[in-house]
Every structure is written in C-alpha cells, then in structure tokens.
>>> print(open('input26.cif').read())   # mmCIF, C-alpha atoms; chains and numbers go by the auth columns
data_query
#
loop_
_atom_site.group_PDB
_atom_site.id
_atom_site.type_symbol
_atom_site.label_atom_id
_atom_site.label_comp_id
_atom_site.label_asym_id
_atom_site.label_seq_id
_atom_site.Cartn_x
_atom_site.Cartn_y
_atom_site.Cartn_z
_atom_site.B_iso_or_equiv
_atom_site.auth_seq_id
_atom_site.auth_asym_id
ATOM 1 C CA MET A 1 16.375 12.857 20.915 0.00 1 R
ATOM 2 C CA ALA A 2 15.255 10.060 18.578 0.00 2 R
ATOM 3 C CA LYS A 3 15.643 6.624 20.126 0.00 3 R
ATOM 4 C CA ARG A 4 18.421 4.299 19.080 0.00 4 R
ATOM 5 C CA LYS A 5 15.930 2.073 17.260 0.00 5 R
ATOM 6 C CA VAL A 6 15.065 4.995 14.969 0.00 6 R
ATOM 7 C CA HIS A 7 18.746 5.398 14.109 0.00 7 R
ATOM 8 C CA ARG A 8 19.072 1.641 13.553 0.00 8 R
ATOM 9 C CA LYS A 9 16.145 1.702 11.132 0.00 9 R
ATOM 10 C CA ALA A 10 17.634 4.715 9.343 0.00 10 R
ATOM 11 C CA GLU A 11 20.936 2.899 8.987 0.00 11 R
ATOM 12 C CA LYS A 12 19.095 -0.136 7.640 0.00 12 R
ATOM 13 C CA VAL A 13 17.141 1.732 4.953 0.00 13 R
ATOM 14 C CA LEU A 14 20.081 3.926 3.920 0.00 14 R
ATOM 15 C CA GLY A 15 22.814 1.322 4.177 0.00 15 R
ATOM 16 C CA ARG A 16 24.793 3.514 6.593 0.00 16 R
ATOM 17 C CA GLU A 17 24.273 5.911 9.491 0.00 17 R
ATOM 18 C CA PRO A 18 22.817 9.258 8.294 0.00 18 R
ATOM 19 C CA SER A 19 24.814 12.378 9.045 0.00 19 R
ATOM 20 C CA ALA A 20 21.634 13.963 10.486 0.00 20 R
ATOM 21 C CA LEU A 21 17.912 13.318 10.730 0.00 21 R
ATOM 22 C CA VAL A 22 14.842 15.169 11.976 0.00 22 R
ATOM 23 C CA TRP A 23 11.092 14.668 12.058 0.00 23 R
ATOM 24 C CA CYS A 24 9.309 17.662 10.540 0.00 24 R
ATOM 25 C CA SER A 25 6.194 18.713 8.649 0.00 25 R
ATOM 26 C CA ILE A 26 4.806 21.317 6.269 0.00 26 R
ATOM 27 C CA PRO A 27 4.141 24.203 8.686 0.00 27 R
ATOM 28 C CA ARG A 28 0.839 25.301 7.145 0.00 28 R
ATOM 29 C CA ALA A 29 -2.023 23.729 5.228 0.00 29 R
ATOM 30 C CA ILE A 30 -1.175 22.704 1.673 0.00 30 R
ATOM 31 C CA PRO A 31 -2.635 25.312 -0.701 0.00 31 R
ATOM 32 C CA LYS A 32 -5.321 24.098 -3.097 0.00 32 R
ATOM 33 C CA PRO A 33 -3.727 23.244 -6.471 0.00 33 R
ATOM 34 C CA PRO A 34 -5.390 23.850 -9.848 0.00 34 R
ATOM 35 C CA GLU A 35 -7.903 21.114 -10.618 0.00 35 R
ATOM 36 C CA ASP A 36 -6.104 19.910 -13.758 0.00 36 R
ATOM 37 C CA VAL A 37 -2.762 19.660 -11.934 0.00 37 R
ATOM 38 C CA HIS A 38 -4.350 17.783 -9.025 0.00 38 R
ATOM 39 C CA ARG A 39 -6.084 15.385 -11.421 0.00 39 R
ATOM 40 C CA ALA A 40 -2.883 14.736 -13.388 0.00 40 R
ATOM 41 C CA ALA A 41 -1.083 13.851 -10.140 0.00 41 R
ATOM 42 C CA GLY A 42 -3.694 11.216 -9.275 0.00 42 R
ATOM 43 C CA LYS A 43 -5.994 13.476 -7.224 0.00 43 R
ATOM 44 C CA GLY A 44 -4.384 12.375 -3.957 0.00 44 R
ATOM 45 C CA ARG A 45 -5.310 13.618 -0.493 0.00 45 R
ATOM 46 C CA LEU A 46 -4.202 17.126 0.467 0.00 46 R
ATOM 47 C CA LYS A 47 -5.046 16.720 4.160 0.00 47 R
ATOM 48 C CA GLY A 48 -4.186 14.149 6.803 0.00 48 R
ATOM 49 C CA ARG A 49 -6.658 11.762 8.355 0.00 49 R
ATOM 50 C CA HIS A 50 -7.700 12.570 11.907 0.00 50 R
ATOM 51 C CA HIS A 51 -8.229 10.244 14.835 0.00 51 R
ATOM 52 C CA TRP A 52 -11.927 9.453 15.480 0.00 52 R
ATOM 53 C CA LEU A 53 -11.809 11.439 18.754 0.00 53 R
ATOM 54 C CA VAL A 54 -11.199 14.576 16.705 0.00 54 R
ATOM 55 C CA TYR A 55 -14.534 14.096 14.958 0.00 55 R
ATOM 56 C CA VAL A 56 -16.310 13.500 18.290 0.00 56 R
ATOM 57 C CA GLY A 57 -14.816 16.724 19.617 0.00 57 R
ATOM 58 C CA ALA A 58 -15.970 18.575 16.512 0.00 58 R
ATOM 59 C CA VAL A 59 -19.557 17.400 17.017 0.00 59 R
ATOM 60 C CA VAL A 60 -19.523 18.515 20.660 0.00 60 R
ATOM 61 C CA PHE A 61 -18.029 21.843 19.656 0.00 61 R
ATOM 62 C CA CYS A 62 -20.714 22.465 17.027 0.00 62 R
ATOM 63 C CA ALA A 63 -23.569 21.426 19.307 0.00 63 R
ATOM 64 C CA VAL A 64 -22.535 23.311 22.448 0.00 64 R
ATOM 65 C CA ILE A 65 -19.829 25.910 21.968 0.00 65 R
ATOM 66 C CA ILE A 66 -20.902 27.471 18.675 0.00 66 R
ATOM 67 C CA PRO A 67 -24.467 28.407 19.794 0.00 67 R
ATOM 68 C CA ILE A 68 -23.056 30.131 22.903 0.00 68 R
ATOM 69 C CA TYR A 69 -20.517 31.930 20.778 0.00 69 R
ATOM 70 C CA LEU A 70 -23.141 33.106 18.283 0.00 70 R
ATOM 71 C CA ILE A 71 -25.343 34.481 21.028 0.00 71 R
ATOM 72 C CA ASP A 72 -22.411 36.402 22.474 0.00 72 R
ATOM 73 C CA MET A 73 -21.438 37.777 19.078 0.00 73 R
ATOM 74 C CA LEU A 74 -24.909 38.842 18.027 0.00 74 R
ATOM 75 C CA GLY A 75 -24.864 42.006 20.157 0.00 75 R
ATOM 76 C CA LYS A 76 -21.463 43.045 18.783 0.00 76 R
ATOM 77 C CA GLN A 77 -22.195 42.520 15.096 0.00 77 R
ATOM 78 C CA ILE A 78 -23.291 46.074 14.280 0.00 78 R
ATOM 79 C CA ASP A 79 -20.214 47.620 15.911 0.00 79 R
ATOM 80 C CA ARG A 80 -17.931 45.171 14.110 0.00 80 R
ATOM 81 C CA ARG A 81 -19.416 46.107 10.744 0.00 81 R
ATOM 82 C CA SER A 82 -18.912 49.811 11.420 0.00 82 R
ATOM 83 C CA GLU A 83 -15.324 49.221 12.464 0.00 83 R
ATOM 84 C CA GLY A 84 -14.724 47.090 9.389 0.00 84 R
ATOM 85 C CA ARG A 85 -15.830 49.902 7.079 0.00 85 R
ATOM 86 C CA SER A 86 -13.397 52.288 8.753 0.00 86 R
ATOM 87 C CA ARG A 87 -10.503 49.852 8.392 0.00 87 R
ATOM 88 C CA ARG A 88 -11.216 49.197 4.721 0.00 88 R
ATOM 89 C CA ASN A 89 -10.976 52.928 4.063 0.00 89 R
ATOM 90 C CA ASP A 90 -7.663 53.220 5.941 0.00 90 R
ATOM 91 C CA PRO A 91 -4.678 53.173 3.497 0.00 91 R
ATOM 92 C CA THR A 92 -2.334 52.029 6.292 0.00 92 R
ATOM 93 C CA ARG A 93 -4.534 49.011 6.924 0.00 93 R
ATOM 94 C CA ARG A 94 -4.480 48.162 3.225 0.00 94 R
ATOM 95 C CA ARG A 95 -0.667 48.211 3.219 0.00 95 R
ATOM 96 C CA GLU A 96 -0.523 45.888 6.259 0.00 96 R
ATOM 97 C CA THR A 97 -2.897 43.432 4.588 0.00 97 R
ATOM 98 C CA SER A 98 -0.774 43.453 1.452 0.00 98 R
ATOM 99 C CA ALA A 99 2.358 42.743 3.504 0.00 99 R
ATOM 100 C CA ARG A 100 0.752 39.616 4.906 0.00 100 R
ATOM 101 C CA ASP A 101 0.030 38.245 1.428 0.00 101 R
ATOM 102 C CA ARG A 102 2.340 35.271 1.023 0.00 102 R
ATOM 103 C CA GLY A 103 1.879 34.878 -2.714 0.00 103 R
ATOM 104 C CA PRO A 104 0.793 31.861 -4.786 0.00 104 R
ATOM 105 C CA GLY A 105 2.609 29.331 -2.591 0.00 105 R
ATOM 106 C CA ASP A 106 1.292 30.813 0.672 0.00 106 R
ATOM 107 C CA GLY A 107 4.826 30.683 2.079 0.00 107 R
ATOM 108 C CA VAL A 108 4.815 26.894 1.904 0.00 108 R
ATOM 109 C CA PHE A 109 6.528 26.510 -1.471 0.00 109 R
ATOM 110 C CA ASP A 110 7.479 28.566 -4.508 0.00 110 R
ATOM 111 C CA GLY A 111 4.005 28.344 -6.052 0.00 111 R
ATOM 112 C CA ASP A 112 4.663 26.324 -9.234 0.00 112 R
ATOM 113 C CA TRP A 113 2.819 23.007 -8.949 0.00 113 R
ATOM 114 C CA ASN A 114 4.564 21.569 -12.014 0.00 114 R
ATOM 115 C CA LEU A 115 8.048 21.744 -10.506 0.00 115 R
ATOM 116 C CA MET A 116 9.645 19.304 -8.057 0.00 116 R
ATOM 117 C CA ALA A 117 8.476 20.940 -4.820 0.00 117 R
ATOM 118 C CA GLY A 118 4.873 21.168 -5.986 0.00 118 R
ATOM 119 C CA GLN A 119 4.874 17.587 -7.236 0.00 119 R
ATOM 120 C CA LEU A 120 6.260 16.373 -3.899 0.00 120 R
ATOM 121 C CA MET A 121 3.466 18.181 -2.033 0.00 121 R
ATOM 122 C CA LEU A 122 0.806 16.652 -4.291 0.00 122 R
ATOM 123 C CA ARG A 123 1.986 13.202 -3.130 0.00 123 R
ATOM 124 C CA TRP A 124 2.475 14.181 0.523 0.00 124 R
ATOM 125 C CA PHE A 125 -0.609 12.577 2.077 0.00 125 R
ATOM 126 C CA SER A 126 -0.869 9.714 -0.414 0.00 126 R
ATOM 127 C CA GLN A 127 2.457 8.516 1.015 0.00 127 R
ATOM 128 C CA SER A 128 1.197 8.644 4.607 0.00 128 R
ATOM 129 C CA PRO A 129 -1.900 9.959 6.439 0.00 129 R
ATOM 130 C CA SER A 130 0.396 11.699 8.922 0.00 130 R
ATOM 131 C CA PRO A 131 1.843 15.122 8.054 0.00 131 R
ATOM 132 C CA ARG A 132 5.128 14.169 9.761 0.00 132 R
ATOM 133 C CA ARG A 133 8.132 13.222 7.650 0.00 133 R
ATOM 134 C CA LEU A 134 11.627 12.137 8.577 0.00 134 R
ATOM 135 C CA VAL A 135 14.259 13.976 6.543 0.00 135 R
ATOM 136 C CA LEU A 136 17.636 12.255 6.493 0.00 136 R
ATOM 137 C CA LEU A 137 20.944 13.668 5.295 0.00 137 R
ATOM 138 C CA ASP A 138 23.125 10.987 3.779 0.00 138 R
ATOM 139 C CA ARG A 139 26.165 12.974 2.643 0.00 139 R
ATOM 140 C CA ASP A 140 25.452 12.854 -1.110 0.00 140 R
ATOM 141 C CA ARG A 141 21.662 12.648 -0.982 0.00 141 R
ATOM 142 C CA ILE A 142 18.548 13.834 0.836 0.00 142 R
ATOM 143 C CA CYS A 143 15.969 11.219 1.764 0.00 143 R
ATOM 144 C CA VAL A 144 12.393 11.785 2.886 0.00 144 R
ATOM 145 C CA ALA A 145 10.767 8.971 4.870 0.00 145 R
ATOM 146 C CA ALA A 146 7.236 8.452 6.183 0.00 146 R
ATOM 147 C CA SER A 147 5.475 6.205 8.674 0.00 147 R
ATOM 148 C CA PRO A 148 2.225 4.464 7.639 0.00 148 R
ATOM 149 C CA ARG A 149 0.648 5.476 10.954 0.00 149 R
ATOM 150 C CA ARG A 150 -1.734 8.410 11.338 0.00 150 R
ATOM 151 C CA ARG A 151 -0.333 9.308 14.766 0.00 151 R
ATOM 152 C CA LEU A 152 3.258 8.742 15.807 0.00 152 R
ATOM 153 C CA ALA A 153 5.776 9.558 18.508 0.00 153 R
ATOM 154 C CA ALA A 154 8.651 11.242 16.731 0.00 154 R
ATOM 155 C CA THR A 155 11.322 9.857 19.055 0.00 155 R
ATOM 156 C CA LYS A 156 10.121 6.251 18.795 0.00 156 R
ATOM 157 C CA ALA A 157 8.632 5.721 15.322 0.00 157 R
ATOM 158 C CA ASP A 158 10.800 3.156 13.571 0.00 158 R
ATOM 159 C CA ASP A 159 8.369 1.808 10.963 0.00 159 R
ATOM 160 C CA PHE A 160 9.169 4.468 8.367 0.00 160 R
ATOM 161 C CA GLU A 161 10.188 3.857 4.769 0.00 161 R
ATOM 162 C CA ILE A 162 11.851 6.103 2.190 0.00 162 R
ATOM 163 C CA VAL A 163 9.213 7.809 0.022 0.00 163 R
ATOM 164 C CA ALA A 164 11.441 10.270 -1.876 0.00 164 R
ATOM 165 C CA GLU A 165 15.155 10.503 -2.543 0.00 165 R
ATOM 166 C CA PHE A 166 17.167 13.306 -4.126 0.00 166 R
ATOM 167 C CA ARG A 167 20.811 13.323 -5.184 0.00 167 R
ATOM 168 C CA GLY A 168 23.090 16.209 -4.382 0.00 168 R
ATOM 169 C CA ASP A 169 22.638 17.645 -7.880 0.00 169 R
ATOM 170 C CA GLU A 170 18.839 17.464 -7.546 0.00 170 R
ATOM 171 C CA ALA A 171 18.281 19.176 -4.188 0.00 171 R
ATOM 172 C CA ARG A 172 20.021 20.810 -1.266 0.00 172 R
ATOM 173 C CA ILE A 173 19.023 21.932 2.218 0.00 173 R
ATOM 174 C CA GLU A 174 18.925 25.643 3.040 0.00 174 R
ATOM 175 C CA ALA A 175 19.121 26.061 6.809 0.00 175 R
ATOM 176 C CA GLU A 176 20.276 28.547 9.423 0.00 176 R
ATOM 177 C CA THR A 177 21.620 27.640 12.843 0.00 177 R
ATOM 178 C CA GLY A 178 20.565 29.307 16.072 0.00 178 R
ATOM 179 C CA GLN A 179 16.872 29.555 15.189 0.00 179 R
ATOM 180 C CA PRO A 180 14.405 29.918 18.097 0.00 180 R
ATOM 181 C CA ARG A 181 13.209 26.629 19.563 0.00 181 R
ATOM 182 C CA GLY A 182 9.749 25.790 18.310 0.00 182 R
ATOM 183 C CA PHE A 183 10.013 28.120 15.304 0.00 183 R
ATOM 184 C CA ALA A 184 12.949 26.611 13.428 0.00 184 R
ATOM 185 C CA ALA A 185 12.456 25.779 9.770 0.00 185 R
ATOM 186 C CA PHE A 186 14.470 24.866 6.709 0.00 186 R
ATOM 187 C CA ARG A 187 13.939 24.617 2.985 0.00 187 R
ATOM 188 C CA ILE A 188 14.606 21.922 0.433 0.00 188 R
ATOM 189 C CA ARG A 189 15.800 23.800 -2.639 0.00 189 R
ATOM 190 C CA PHE A 190 15.478 21.793 -5.854 0.00 190 R
ATOM 191 C CA ALA A 191 17.596 22.035 -8.986 0.00 191 R
ATOM 192 C CA ASP A 192 14.671 23.388 -11.028 0.00 192 R
ATOM 193 C CA GLY A 193 14.505 26.433 -8.722 0.00 193 R
ATOM 194 C CA SER A 194 11.489 25.304 -6.702 0.00 194 R
ATOM 195 C CA TRP A 195 11.556 25.055 -2.912 0.00 195 R
ATOM 196 C CA LEU A 196 9.551 23.573 -0.063 0.00 196 R
ATOM 197 C CA GLU A 197 9.634 24.896 3.512 0.00 197 R
ATOM 198 C CA LEU A 198 9.474 22.453 6.414 0.00 198 R
ATOM 199 C CA GLY A 199 8.990 23.279 10.105 0.00 199 R
ATOM 200 C CA GLY A 200 7.732 21.699 13.296 0.00 200 R
ATOM 201 C CA LEU A 201 11.146 20.146 13.880 0.00 201 R
ATOM 202 C CA ALA A 202 10.803 17.460 16.541 0.00 202 R
ATOM 203 C CA GLU A 203 13.219 17.106 19.432 0.00 203 R
ATOM 204 C CA PRO A 204 15.629 20.021 20.091 0.00 204 R
ATOM 205 C CA GLU A 205 18.771 17.883 19.921 0.00 205 R
ATOM 206 C CA ASP A 206 17.839 16.404 16.547 0.00 206 R
ATOM 207 C CA ALA A 207 16.764 19.805 15.204 0.00 207 R
ATOM 208 C CA ASP A 208 19.938 21.588 16.314 0.00 208 R
ATOM 209 C CA HIS A 209 22.191 18.853 14.936 0.00 209 R
ATOM 210 C CA PHE A 210 20.264 18.742 11.643 0.00 210 R
ATOM 211 C CA LEU A 211 20.451 22.508 11.123 0.00 211 R
ATOM 212 C CA ARG A 212 24.163 22.621 12.006 0.00 212 R
ATOM 213 C CA THR A 213 24.963 19.726 9.680 0.00 213 R
ATOM 214 C CA ALA A 214 22.904 21.117 6.810 0.00 214 R
ATOM 215 C CA ALA A 215 24.476 24.580 7.163 0.00 215 R
ATOM 216 C CA ALA A 216 27.979 23.090 7.278 0.00 216 R
ATOM 217 C CA GLU A 217 27.379 20.939 4.212 0.00 217 R
ATOM 218 C CA ALA A 218 25.962 23.913 2.303 0.00 218 R
ATOM 219 C CA GLY A 219 29.066 25.967 3.113 0.00 219 R
ATOM 220 C CA ALA A 220 31.532 23.203 2.263 0.00 220 R
#
>>> encode(input="input26.cif", output="structure tokens")
Amino acid sequence: MAKRKVHRKAEKVLGREPSALVWCSIPRAIPKPPEDVHRAAGKGRLKGRHHWLVYVGAVVFCAVIIPIYLIDMLGKQIDRRSEGRSRRNDPTRRRETSARDRGPGDGVFDGDWNLMAGQLMLRWFSQSPSPRRLVLLDRDRICVAASPRRRLAATKADDFEIVAEFRGDEARIEAETGQPRGFAAFRIRFADGSWLELGGLAEPEDADHFLRTAAAEAGA
C-alpha cells in the first residue's frame, strides 16, 4: 500500500484526502499517431527514457546473444517458411489473426487522436519520462499526477504533481471489481466519447480500493 507520505502529498495537492488513488500506466506501447497530429501537439516523446544500464544490456545482447540465436535459427529457416505458407492458406488461421486485430487504437484508446484521450496520450511522456501515473479520485473530479523521475517506487514516490484534471462532467472511470491480480485495468471515459485504458495497477490494496470506489461512484 502507498506510504503515508504519498497520501499526505496527495492531500496537499488536492486540498483534501482523495477517495482513492493508484499508480498505473498505459498497458501497451503508445501507437504511432499521424505525423500532422503529432506535429500539432508539439511532437512530444511517445516513449519513456530508459536507465543507462538498459542501453548497456542492449549492447551486450546484440554482441553476444543475437549471433548465437541467428546460428541456431539458420537451420530451421526453410522449415519455417514452408510452415508459414501452409498457415497463410488456412482460412481458420486467417480468422484467428483477424480476431487479434485491436483496431486503430490497438486496444489502448478509442483511436481518434483529436479527441481528449488521444490528446492526453500525445502529452504522456512530455509530462514525465516515466510511464507511471498516479490517478486520484477526488469525489467530483479525476486527477492525473506524474513524478519527474524516470524510475520510481510506487509506494514511496511523493514528488508527483498534477498534470491533468477532469471534472465529473468531463470524464468518468469505468472499472470492474474482482479483476485478477496483475491483470486489472480500468478506463477513463471522456465526455466526447473517447477512452483511455490504464493497467499495471501498483499495490493490490490500492488497486482493489480504487476499483471498488470507482465502481461504486459510477453506480451512484
């Protein structure tokens, strides 16, 4: 559960104790927006910044692991190509591939970059290099906060600031209780019909309380 100092900071920035809060993130990579839309939004970052050790690991991986992998795969390449031709000609396989197609928003949002959800995603990494966001429910509004740090401990990070705020008539939370631990997600549904899905909910106690509170407020 988030430390008391996180709750104290939330109370300070909101002016009162939030009814619920949870650290979360966009569960998949942000889809690439149209160039003109990205430019109009300031051409901000669409990916987070990694710690320098990540780049060191990538170099080691490319120099050592990939050559071994390529050698191992070389003998299997002909068989894979033959199998691929068979699968492409299989109508059942084509239906399965179509079922996995998530559409223009790739399951992350509704797909319209000009609406509120798309515009929020275009600013996501310009607000913070970390993909993590703290969503706070404050009775008559939804607040999204971010930490300036690239890496953070969700239970301890108390240097966040509000980066987006939505009144009750602008957005609402769509959430279901009883979701499996580690797979729970919720949506922010905006008044213009757009939506953004958030997952990776940190800390089971915070996640459960957030989902219960959001579901109760939606049914009130």
>>> closest_residue(input="input26.cif", among="R:Met116, R:Ala40, R:Leu201, R:Leu134", to="Ala10 (chain R)", atoms="only C-alpha atoms")
R:Leu134
>>> atom_distance(input="input26.cif", atom1="CA of Arg150 (chain R)", atom2="CA of Arg132 (chain R)")
9.1 Å
>>> atom_distance(input="input26.cif", atom1="CA of Arg167 (chain R)", atom2="CA of Arg141 (chain R)")
4.3 Å
>>> resolve_selection(input="input26.cif", expression="the PyMOL selection byres ((chain R and resi 207-220) around 12)", output="number ranges by chain")
R: 1-2, 18-24, 134-142, 154-155, 168, 171-189, 198-206
>>> atom_distance(input="input26.cif", atom1="CA of Val108 (chain R)", atom2="CA of Ala145 (chain R)")
19.1 Å
>>> closest_residue(input="input26.cif", among="R:Ala146, R:Val6, R:Ala41, R:Ile30", to="Arg133 (chain R)", atoms="all atoms listed in the file")
R:Ala146
>>> residues_around(input="input26.cif", residues="Ser128 (chain R)", least_positions_apart="4", cutoff="12 Å", atoms="all atoms listed in the file", output="PyMOL selection string")
chain R and resi 25+44-49+121-124+132-134+144-152+159-163
